$ cat final-v7.csv   # CSV, C-alpha atoms
chain,number,residue,atom,x,y,z
A,1,MET,CA,0.0,0.0,0.0
A,2,LYS,CA,1.2,3.5,-0.9
A,3,VAL,CA,0.0,6.4,1.3
A,4,ALA,CA,0.4,10.1,0.6
A,5,ILE,CA,0.4,12.3,3.7
A,6,ALA,CA,0.3,16.0,4.4
A,7,ALA,CA,-0.5,18.5,7.1
A,8,ASP,CA,-0.6,22.2,7.6
A,9,HIS,CA,1.0,23.9,10.6
A,10,GLY,CA,-1.8,22.9,12.9
A,11,GLY,CA,-1.3,19.2,12.1
A,12,TYR,CA,2.5,19.0,11.6
A,13,LYS,CA,3.4,17.3,14.9
A,14,LEU,CA,0.7,14.6,14.5
A,15,LYS,CA,1.7,14.0,10.9
A,16,GLU,CA,5.2,13.2,12.0
A,17,GLU,CA,3.9,10.7,14.5
A,18,ILE,CA,1.7,9.1,11.9
A,19,LYS,CA,4.7,8.8,9.5
A,20,THR,CA,6.6,6.9,12.2
A,21,LEU,CA,3.6,4.6,12.6
A,22,LEU,CA,3.4,4.0,8.8
A,23,ALA,CA,7.1,3.2,8.7
A,24,SER,CA,6.7,0.7,11.4
A,25,LEU,CA,3.9,-0.9,9.5
A,26,ASN,CA,6.1,-1.0,6.3
A,27,VAL,CA,3.6,1.3,4.5
A,28,GLU,CA,5.2,3.1,1.6
A,29,THR,CA,4.7,6.8,2.3
A,30,GLU,CA,5.4,10.1,0.6
A,31,ASP,CA,5.2,13.4,2.6
A,32,PHE,CA,3.7,16.4,0.8
A,33,GLY,CA,4.5,18.8,3.6
A,34,VAL,CA,4.7,20.7,5.8
A,35,SER,CA,8.2,20.4,7.3
A,36,CYS,CA,7.7,22.8,10.2
A,37,ALA,CA,5.0,24.5,12.3
A,38,ASP,CA,5.1,27.8,10.4
A,39,SER,CA,1.7,29.1,9.3
A,40,VAL,CA,0.6,27.9,5.9
A,41,ASP,CA,-2.6,27.6,3.9
A,42,TYR,CA,-4.1,24.1,4.2
A,43,PRO,CA,-5.5,23.8,0.7
A,44,ASP,CA,-2.0,24.0,-0.7
A,45,TYR,CA,-1.2,20.7,1.1
A,46,ALA,CA,-4.6,18.9,0.8
A,47,LEU,CA,-4.6,19.4,-3.0
A,48,PRO,CA,-1.5,17.4,-4.0
A,49,VAL,CA,-2.4,14.5,-1.8
A,50,ALA,CA,-6.0,14.4,-3.2
A,51,GLU,CA,-4.8,14.7,-6.8
A,52,LYS,CA,-2.2,11.9,-6.4
A,53,VAL,CA,-4.8,9.6,-4.8
A,54,ALA,CA,-7.4,10.5,-7.5
A,55,ALA,CA,-4.8,9.8,-10.2
A,56,GLY,CA,-4.1,6.3,-8.7
A,57,GLU,CA,-0.5,7.2,-7.9
A,58,PHE,CA,-1.2,6.4,-4.2
A,59,ASP,CA,-3.8,4.0,-2.7
A,60,ARG,CA,-4.8,6.3,0.1
A,61,GLY,CA,-4.1,9.7,1.6
A,62,ILE,CA,-3.9,11.1,5.1
A,63,LEU,CA,-4.4,14.8,5.9
A,64,VAL,CA,-4.0,16.5,9.2
A,65,CYS,CA,-4.7,20.1,10.2
A,66,GLY,CA,-5.9,21.7,13.4
A,67,THR,CA,-9.4,20.4,13.2
A,68,GLY,CA,-9.3,18.3,10.0
A,69,ILE,CA,-12.2,20.3,8.6
A,70,GLY,CA,-10.4,22.5,6.2
A,71,MET,CA,-8.3,19.6,4.8
A,72,SER,CA,-11.3,17.4,4.3
A,73,ILE,CA,-13.3,20.2,2.5
A,74,ALA,CA,-10.4,20.9,0.2
A,75,ALA,CA,-9.7,17.3,-0.6
A,76,ASN,CA,-13.3,16.5,-1.4
A,77,LYS,CA,-13.2,19.2,-4.2
A,78,VAL,CA,-11.0,16.8,-6.2
A,79,PRO,CA,-13.1,14.4,-8.3
A,80,GLY,CA,-12.7,10.8,-7.2
A,81,ILE,CA,-11.9,11.7,-3.6
A,82,ARG,CA,-14.0,10.4,-0.7
A,83,CYS,CA,-12.3,12.1,2.2
A,84,ALA,CA,-13.7,11.5,5.7
A,85,LEU,CA,-13.0,13.6,8.8
A,86,VAL,CA,-12.6,11.0,11.6
A,87,HIS,CA,-12.0,11.4,15.3
A,88,ASP,CA,-13.1,8.0,16.6
A,89,THR,CA,-12.4,4.4,15.9
A,90,PHE,CA,-16.0,3.4,15.0
A,91,SER,CA,-16.1,6.0,12.3
A,92,ALA,CA,-12.7,5.0,11.0
A,93,ARG,CA,-14.0,1.5,10.4
A,94,ALA,CA,-17.4,2.5,9.1
A,95,THR,CA,-16.0,5.0,6.6
A,96,ARG,CA,-13.9,2.3,5.0
A,97,GLU,CA,-16.5,-0.5,5.2
A,98,HIS,CA,-19.5,1.6,4.0
A,99,ASN,CA,-18.0,4.6,2.1
A,100,ASN,CA,-14.8,3.2,0.6
A,101,THR,CA,-13.0,6.4,1.6
A,102,ASN,CA,-9.6,6.9,0.1
A,103,VAL,CA,-8.5,9.9,2.2
A,104,LEU,CA,-8.6,10.3,5.9
A,105,ALA,CA,-8.6,13.7,7.6
A,106,MET,CA,-8.0,14.3,11.3
A,107,GLY,CA,-7.5,17.3,13.6
A,108,GLU,CA,-4.4,17.5,15.8
A,109,ARG,CA,-6.2,20.0,18.1
A,110,VAL,CA,-9.2,17.7,18.5
A,111,ILE,CA,-7.7,14.3,19.3
A,112,GLY,CA,-4.5,13.0,20.9
A,113,PRO,CA,-1.8,11.0,19.2
A,114,GLY,CA,-2.7,7.7,20.7
A,115,LEU,CA,-6.3,7.8,19.4
A,116,ALA,CA,-5.1,9.2,16.1
A,117,LEU,CA,-2.7,6.3,15.6
A,118,ASP,CA,-5.4,3.8,16.4
A,119,ILE,CA,-7.7,5.5,13.9
A,120,VAL,CA,-5.0,5.3,11.2
A,121,LYS,CA,-4.4,1.5,11.9
A,122,ILE,CA,-8.1,0.7,11.7
A,123,TRP,CA,-8.6,2.8,8.6
A,124,LEU,CA,-5.7,1.2,6.8
A,125,ASP,CA,-6.7,-2.4,7.8
A,126,THR,CA,-10.4,-2.1,7.1
A,127,ASP,CA,-11.7,-3.2,3.7
A,128,PHE,CA,-14.7,-1.9,1.8
A,129,GLN,CA,-17.7,-4.3,2.3
A,130,GLY,CA,-19.2,-3.6,-1.1
A,131,GLY,CA,-22.7,-5.1,-1.5
A,132,ARG,CA,-25.4,-2.6,-0.7
A,133,HIS,CA,-22.7,0.0,0.1
A,134,GLU,CA,-21.4,-0.2,-3.5
A,135,ARG,CA,-24.6,1.1,-4.9
A,136,ARG,CA,-24.5,4.1,-2.5
A,137,VAL,CA,-20.9,4.9,-3.3
A,138,GLU,CA,-21.8,4.7,-7.0
A,139,LYS,CA,-24.5,7.3,-6.4
A,140,ILE,CA,-22.0,9.6,-4.9
A,141,SER,CA,-19.9,9.2,-8.0
A,142,GLU,CA,-22.9,10.0,-10.1
A,143,ILE,CA,-23.5,13.2,-8.2
A,144,GLU,CA,-19.9,14.1,-8.7
A,145,ALA,CA,-20.1,13.4,-12.4
A,146,LYS,CA,-23.3,15.5,-12.8
A,147,HIS,CA,-21.6,18.5,-11.3
A,148,THR,CA,-18.1,18.2,-12.7
A,149,GLY,CA,-18.4,16.1,-15.8
A,150,VAL,CA,-15.8,13.7,-14.4
A,151,LYS,CA,-16.7,10.1,-14.1
$ encode --input "final-v7.csv" --output "structure tokens"
Amino acid sequence: MKVAIAADHGGYKLKEEIKTLLASLNVETEDFGVSCADSVDYPDYALPVAEKVAAGEFDRGILVCGTGIGMSIAANKVPGIRCALVHDTFSARATREHNNTNVLAMGERVIGPGLALDIVKIWLDTDFQGGRHERRVEKISEIEAKHTGVK
């Protein structure tokens, strides 16, 4: 599995902890920034991760900012991205099983690193269930195609 990861200044520290976890799990990772806690604009970091995942260059993406909200909004503007903002383990599992999410967003100012690392592990290990959920995910793609012309 290949994972693209990025954060803004509000998520920099947690991103670094997640990278350590991913390395310990032998997950191939590329960091798209930031490399320090200086203030930046989160869309500039969400966009390359979302574009790389949508293009199939990475299997999944992980984004971290102060709340995770801005990153998730920005990522979801890219056709083909299903980014979920997750701050609990139940949602981490459900968003993969039911929504086949390909990008995970979290907020460093919202959750601690222990919980965040548990969320990442669950999200990476959980497969999409398909079945009745496949129909629903396809409907999301149809909405996206209707409004962007991208299928």
$ residues_around --input "final-v7.csv" --residues "segment 114-123 of chain A" --least-positions-apart "6" --cutoff "7 Å" --atoms "all atoms listed in the file" --output "number ranges by chain"
A: 18, 88-89, 92-93, 96
$ residues_around --input "final-v7.csv" --residues "segment 101-113 of chain A" --least-positions-apart "4" --cutoff "10 Å" --atoms "all atoms listed in the file" --output "number ranges by chain"
A: 3-7, 9-15, 17-18, 46, 49-50, 53-54, 58-73, 75-76, 80-88, 92, 94-97, 117-120, 123-124, 127-128, 137
$ closest_residue --input "final-v7.csv" --among "A:Ile143, A:His98, A:Lys2, A:Gly149" --to "Gly130 of chain A" --atoms "only C-alpha atoms"
A:His98
$ atom_distance --input "final-v7.csv" --atom1 "atom CA of Pro48 of chain A" --atom2 "atom CA of Phe32 of chain A"
7.1 Å
$ residues_around --input "final-v7.csv" --residues "Glu28 of chain A" --least-positions-apart "2" --cutoff "8 Å" --atoms "all atoms listed in the file" --output "PDB file with C-alpha atoms, in the coordinates of the input"
ATOM      1  CA  MET A   1       0.000   0.000   0.000  1.00  0.00           C
ATOM      2  CA  LYS A   2       1.200   3.500  -0.900  1.00  0.00           C
ATOM      3  CA  VAL A   3       0.000   6.400   1.300  1.00  0.00           C
ATOM      4  CA  LEU A  22       3.400   4.000   8.800  1.00  0.00           C
ATOM      5  CA  ALA A  23       7.100   3.200   8.700  1.00  0.00           C
ATOM      6  CA  ASN A  26       6.100  -1.000   6.300  1.00  0.00           C
ATOM      7  CA  GLU A  30       5.400  10.100   0.600  1.00  0.00           C
TER       8      GLU A  30
END
$ atom_distance --input "final-v7.csv" --atom1 "atom CA of Ala145 of chain A" --atom2 "atom CA of Gln129 of chain A"
23.1 Å
$ atom_distance --input "final-v7.csv" --atom1 "atom CA of Val27 of chain A" --atom2 "atom CA of Lys52 of chain A"
16.3 Å
$ closest_residue --input "final-v7.csv" --among "A:Ala74, A:Val34, A:Thr29, A:Tyr45" --to "Glu57 of chain A" --atoms "only C-alpha atoms"
A:Thr29
$ build_atoms --input "final-v7.csv" --residues "segment 95-115 of chain A" --atoms "N, CA and C atoms" --output "short mmCIF file (atom, residue, chain, number, x, y, z; two decimals), keeping the file's coordinate frame"
data_model
loop_
_atom_site.label_atom_id
_atom_site.label_comp_id
_atom_site.auth_asym_id
_atom_site.auth_seq_id
_atom_site.Cartn_x
_atom_site.Cartn_y
_atom_site.Cartn_z
N THR A 95 -16.23 4.26 7.84
CA THR A 95 -16.00 5.00 6.60
C THR A 95 -15.26 4.22 5.56
N ARG A 96 -14.53 3.21 5.97
CA ARG A 96 -13.90 2.30 5.00
C ARG A 96 -14.93 1.24 4.56
N GLU A 97 -15.60 0.60 5.53
CA GLU A 97 -16.50 -0.50 5.20
C GLU A 97 -17.70 0.00 4.36
N HIS A 98 -18.23 1.16 4.67
CA HIS A 98 -19.50 1.60 4.00
C HIS A 98 -19.26 2.65 2.93
N ASN A 99 -18.22 3.48 3.05
CA ASN A 99 -18.00 4.60 2.10
C ASN A 99 -16.83 4.46 1.20
N ASN A 100 -16.03 3.43 1.43
CA ASN A 100 -14.80 3.20 0.60
C ASN A 100 -13.97 4.47 0.52
N THR A 101 -13.78 5.15 1.66
CA THR A 101 -13.00 6.40 1.60
C THR A 101 -11.57 6.09 1.21
N ASN A 102 -11.00 7.07 0.51
CA ASN A 102 -9.60 6.90 0.10
C ASN A 102 -8.70 7.99 0.68
N VAL A 103 -9.28 8.93 1.42
CA VAL A 103 -8.50 9.90 2.20
C VAL A 103 -9.08 10.05 3.56
N LEU A 104 -8.20 10.10 4.53
CA LEU A 104 -8.60 10.30 5.90
C LEU A 104 -8.09 11.64 6.38
N ALA A 105 -8.96 12.39 7.05
CA ALA A 105 -8.60 13.70 7.60
C ALA A 105 -8.79 13.63 9.14
N MET A 106 -7.86 14.24 9.86
CA MET A 106 -8.00 14.30 11.30
C MET A 106 -7.48 15.67 11.80
N GLY A 107 -7.88 16.01 13.03
CA GLY A 107 -7.50 17.30 13.60
C GLY A 107 -6.57 17.08 14.82
N GLU A 108 -5.36 17.62 14.73
CA GLU A 108 -4.40 17.50 15.80
C GLU A 108 -4.90 18.18 17.10
N ARG A 109 -5.66 19.25 16.94
CA ARG A 109 -6.20 20.00 18.10
C ARG A 109 -7.42 19.37 18.69
N VAL A 110 -7.92 18.33 18.04
CA VAL A 110 -9.20 17.70 18.50
C VAL A 110 -8.90 16.37 19.19
N ILE A 111 -7.93 15.59 18.71
CA ILE A 111 -7.70 14.30 19.30
C ILE A 111 -6.18 14.17 19.64
N GLY A 112 -5.88 13.28 20.56
CA GLY A 112 -4.50 13.00 20.90
C GLY A 112 -3.85 12.03 20.00
N PRO A 113 -2.53 11.91 20.09
CA PRO A 113 -1.80 11.00 19.20
C PRO A 113 -2.14 9.55 19.34
N GLY A 114 -2.41 9.09 20.55
CA GLY A 114 -2.70 7.70 20.70
C GLY A 114 -3.97 7.28 19.98
N LEU A 115 -5.02 8.06 20.13
CA LEU A 115 -6.30 7.80 19.40
C LEU A 115 -6.06 7.94 17.90
#
